[in-house]
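Written below as structure tokens is the structure these notes are about.
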Amino acid sequence: MAEPTASPPAPSPSHWRTQLALATAWSTGVTFAGALALTALVLWLTGQPVFGTFALMLRTALGSKVGLADTLLQATPLILCGLACAVSFRAGVFNVGVEGALYLGAFAAAWTGFTFVGLGRLPLIAACLVAAAVVGALWLAVPAALKAYLDVDEVVSTLMLNYVALSVTSYLVNYPFRAPGLANSMSPAVAEQARLTRLLPPSQLNASLILALLLTLAVAWMFGRTRLGVSIRTLGNNPRFARVMGIPVPRLMVLTMLLSGAIGGLAGGSQVLGVNYRFIDGFSPGWGFDGITITLLARHNPWGILVTALVFGMLRNGGGMIQVFSKVPISIVDILQAAVILLVTAQVAVPSLRRATS
Amino acid sequence: MAYLVLQEISKRFGSVQALSRVTLEVERGAVHAIVGENGAGKSTLMKILYGLEQPDSGQILLDGRRLTIASPRDAMRHGIGMVHQKFQLIPSFTVVENIVLGDEPARAGWLDRKAARRQVAELLERYGLELDPDRPVRDLSVGERQRVEIAKLLYRQAEVLIFDEATAALTPEEAEGLFRILEQFVAGGKTILYITHKFSEVFRLARHVTVLRRGRVVSSMPVAEATPERLARDIVGAGGLPDLGGPAPSSAPGLGPSTSPDPGPVILDCQGLWVVRPDGVPALRGVDLAVRGGEIVGVAGVEGNGQAELAAAVVGLTPVQAGSIRLDGVPVDGASVKERRRRGIGWIPPDRYTLGSALASSLWDNLIAGEVDLPPFSAFGVLRMQAIRRHARQRMETFDVRAPGPEVPAGSLSGGNLQKVIVAREVRDGLRLLVASNPTSGLDIRATAFVREQLLHLRNRGVAVLLISTDLDEVLQLSDRVLVLHRGEVVAQFPRGAATRETVGRAMAGSHEPLAEVSSRG
Ligand SMILES: Nc1ncnc2c1ncn2[C@@H]1O[C@H](COP(=O)(O)OP(=O)(O)OP(=O)(O)O)[C@@H](O)[C@H]1O
Ligand SMILES: [Mg+2]
């Protein structure tokens with residue numbers, strides 16, 4: 001238009017992003033502080049030393065090289081599962097089936113690892129990881145298609161599938177693939193050369209941390225710098241608008257769930273190749289579900305997921321020690337996490353209320 | 001001292017000073033109109049009064065008492081209520097339930113249905129709000145839903161009622177109904193704050209009018225002393241009216257473009273379109289429609305007679321049960337929305353919030369979402385941020401989008417500026433057909449003139465324009481040909497010149513000689 005004075009002074013382009021990042025960091029920080037306070041309350045009510053417990057956790061998790069390594073070890077599957085959930089959540093697809101993809105991916109990696117023992121080191125590791133990703137992705141293909149083309153609620157279908165995954169893999173390692181001569185239900189061990197390098201022995205921390213970091217970078221890049229990222233954001237922010245813009249919504253939903261399954265599968269596979277060296281029945285303490293909490297807390301920002309997963313890893317690691325050295329059971333970590341979930345839910349609910357009123 | 005005073009209110013959002021020391025004195029028992037260009041700060045000021053935003057400084061006085069308004073709940077406690085653009089009603093609840101929700105009459109902790117119904121019925125009766133208390137809200141029209149919102153405020157004893165562009169979504173008949181309700185409120189001593197872009201509403205309703213520009217009060221006067229020219233000048237600023245739309249003479253008020261210089265070949269050709277709504281009711285019954293390049297075809301009709309479905313069918317969002325759609329002679333019936341966009345169909349949707357944008361996404365996301373896989377925006381799936389930013393800046397400049405930059409979320413823009421973003425996106429290179437559904441809703445006079453001029457521009461460049469608008473004046477001003485949709489059928493067609501408020505109005509109401517007035521088809 002004819003009036004050039006109209007344009008307001010242009011601030012630096014990073015200004016808004018900085019503001020947004022600050023706001024996210026602030027709300028995440030507040031959430032954690034709130035969760036800590038709630039947990040402190042529980043400790044206090046049950047007559048346990050509040051500061052002593054927290055101090056012990058911190059010291060265990062960060063106080064030594066091994067402690068630090070174990071924190072990173074605990075964080076690795078959490079990072080991967082957080083990313084797995086983020087990929088579909090960002091598109092508005094509430095896929096809670098990462099846990100199932102993790103189990104099947106783990107089994108696929110283990111099977112590849114103990115079957116193709118003749119392969120060299122790198123080819124075998126690559127084959128194991130590819131198998132994990134592909135099987136994880138395929139596992140979510142059915143609920144993805146049901147959601148995208150028949151509008152079947154993905155929360156229900158993927159949640160159910162988690163139990164199916166647990167049962168199926170349990171059957172597999174109890175019957176057809178049970179390791180001979182072992183009392184527990186586990187598969188044979190993967191070939192020596194399929195095992196990932198340990199980064200800081202004696203900790204079990206291994207090269208899958210690097211995989212997790214690379215994937216964080218990759219997902220961040222995908223969200224921010226690719227056209228797939230634009231489509232995912234648009235779909236997640238307003239599905240009706242996405243349709244108007246001609247974004248192939250069903251296809252994109254399927255794609256995000258496949259990606260999510262693939263990353264979930266990698267989370268399982270890397271646990272097999274890096275820590276257990278075999279598939280163990282029921283090995284996950286619920287990483288796939290923790291991933292949901294983590295991505296919600298981080299608002300699907302990959303770097304936020306990284307940080308949040310590290311904090312959760314710290315809690316898990318520190319919590320394990322509490323149990324040994326004090327009367328506080330490890331469930332204190334679950335209480336902490338539950339408090340986080342509650343607070344996140346409240347935050348998610350309130351802004352949407354606010355948006356509705358404006 | 002005035003009844004309600006907003007004193008020296010300032011509010012800043014990041015780098016944008018939305019309000020600078022705005023003072024507003026509102027008389028009791030009258031309508032106080034607030035006008036001003038897009039982004040002037042009108043909605044922000046009212047959100048502060050209603051507790052949705054907090055001012056950085058300034059105070060609010062009611063009847064001489066200073067109020068603290070931290071939330072809408074506080075505002076309601078002081079008798080201040082706001083009718084929202086986006087209604088907050090529960091579709092499956094009845095009118096009564098929606099009205100009392102959150103503030104129910106209770107007996108021993110249980111909802112006292114009888115009392116609730118009686119109170120609501122009394123209320124509706126007293127204020128002459130025509131509503132059936134027992135109908136579920138999902139069966140109500142937009143105008144009726146708005147009345148439920150109003151009744152909600154009355155039920156909570158609001159004395160000050162805020163309306164933000166209340167007629168934007170209403171048909172002219174519904175708007176007239178709203179005006180009568182407002183007049184009655186005023187007669188009953190209630191105070192109304194009324195934001196609008198339509199001068200006719202100011203003169204029809206208000207006793208006092210305040211003009212905001214860039215977050216400041218530029219003038220405030222009794223309506224008796226105001227003239228449309230004065231208001232326009234105050235709204236637009238020093239440049240005054242000559243600024244209103246640039247060089248094209250067509251943009252002068254009363255815009256009367258000569259018929260299209262050179263109507264080209266038929267670009268959009270719909271034949272026998274049938275669209276059945278999900279509830280089984282046919283929304284379009286065998287619509288034939290052709291739009292040539294270099295021609296604006298206006299579709300008039302009372303909202304709900306098939307306009308929404310016509311647009312959705314053409315852009316590919318709604319399946320068509322029978323009939324066919326051709327673009328440039330090629331059938332596009334099986335083509336996806338994306339393919340149709342690629343072949344040159346653009347759409348300005350009727351609702352900028354639900355269909356036209358993603359509020360949480362940045363402006364540049366919103367500007368390229370449909371074209372992100374085309375050069376120069378991406379190559380091999382990777383975004384080319386420089387090209388995207390340059391494009392976004394250029395569009396924002398051309399369409400005078402007032403925003404700090406392309407990175408800000410669309411939700412932080414004022415209503416009118418968001419509408420400009422949408423128009424900027426759809427008026428793009430390679431366009432063959434533009435479906436424009438209420439393209440100027442929420443725009444100030446200057447932006448309205450600019451967008452209308454863009455439509456004429458497109459037409460002169462040989463683009464086909466299908467203009468679907470509830471604003472009859474807009475349709476009459478711009479169209480080379482006017483069709484009237486009534487109950488899903490094209491009941492009349494008028495060439496330019498034969499289309500007047502009277503002839504078209506009669507056809508809209510359903511009384512017509514079937515297609516008698518068709519002269520030149522296409
Ligand atoms: N939540 C927000 N965050 C950032 N900026 C905002 C926010 N809300 C409003 N603004 C800015 O404040 C200014 C005033 O906006 P406001 O919505 O009050 O304008 P308006 O007068 O109602 O305009 P319109 O006629 O277009 O509705 C605009 O520049 C807008 O971009
Ligand atoms: Mg506004």
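For the structure tokens, the naming scheme is as follows: chains receive sequential letters (A, B, ...) according to their order of presentation, residues are indexed from 1 within each chain, and ligands are indexed from 1 in presentation order.
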
How would you write, as an MDAnalysis selection string, the set of residues no farther than 7 Å from ligand 1 when counting only C-alpha atoms and all ligand atoms? chainID B and resid 13:14 16:18 36:45 402:403 411:417 442:444

Give the strand (DSSP E or B) residues of segment 429-501 of chain B, as DSSP finds them on the backbone, and put them as an MDAnalysis selection string. chainID B and resid 433:437 464:468 481:486 489:495

Using DSSP assignments from the backbone, pull out every residue in segment 26-154 of chain A that falls under helix (DSSP H, G or I) and give it to me as an MDAnalysis selection string. chainID A and resid 26:45 50:62 65:89 98:115 121:150 154

Sorted per-residue table, chain A near chain B, closest atoms and distance, 6 Å, only C-alpha atoms, as a tab-separated table:
```
residue	atom	partner	partner_atom	distance
A:Ala10	CA	B:Pro404	CA	5.6
A:Arg225	CA	B:Leu383	CA	5.4
A:Thr226	CA	B:Val382	CA	4.3
A:Arg227	CA	B:Gly381	CA	5.5
A:Asn237	CA	B:Ala358	CA	5.6
A:Asn238	CA	B:Ala358	CA	5.2
A:Arg240	CA	B:Leu355	CA	5.8
A:Phe241	CA	B:Leu355	CA	4.7
A:Met245	CA	B:Gly370	CA	4.4
A:Gly246	CA	B:Lys338	CA	4.0
```

Let me make sure I understand: among A:Asn174, A:Gln323, A:Ser260, A:Thr308, which one has the smallest atom-to-atom distance to Val340 of chain A if we use only C-alpha atoms? A:Thr308
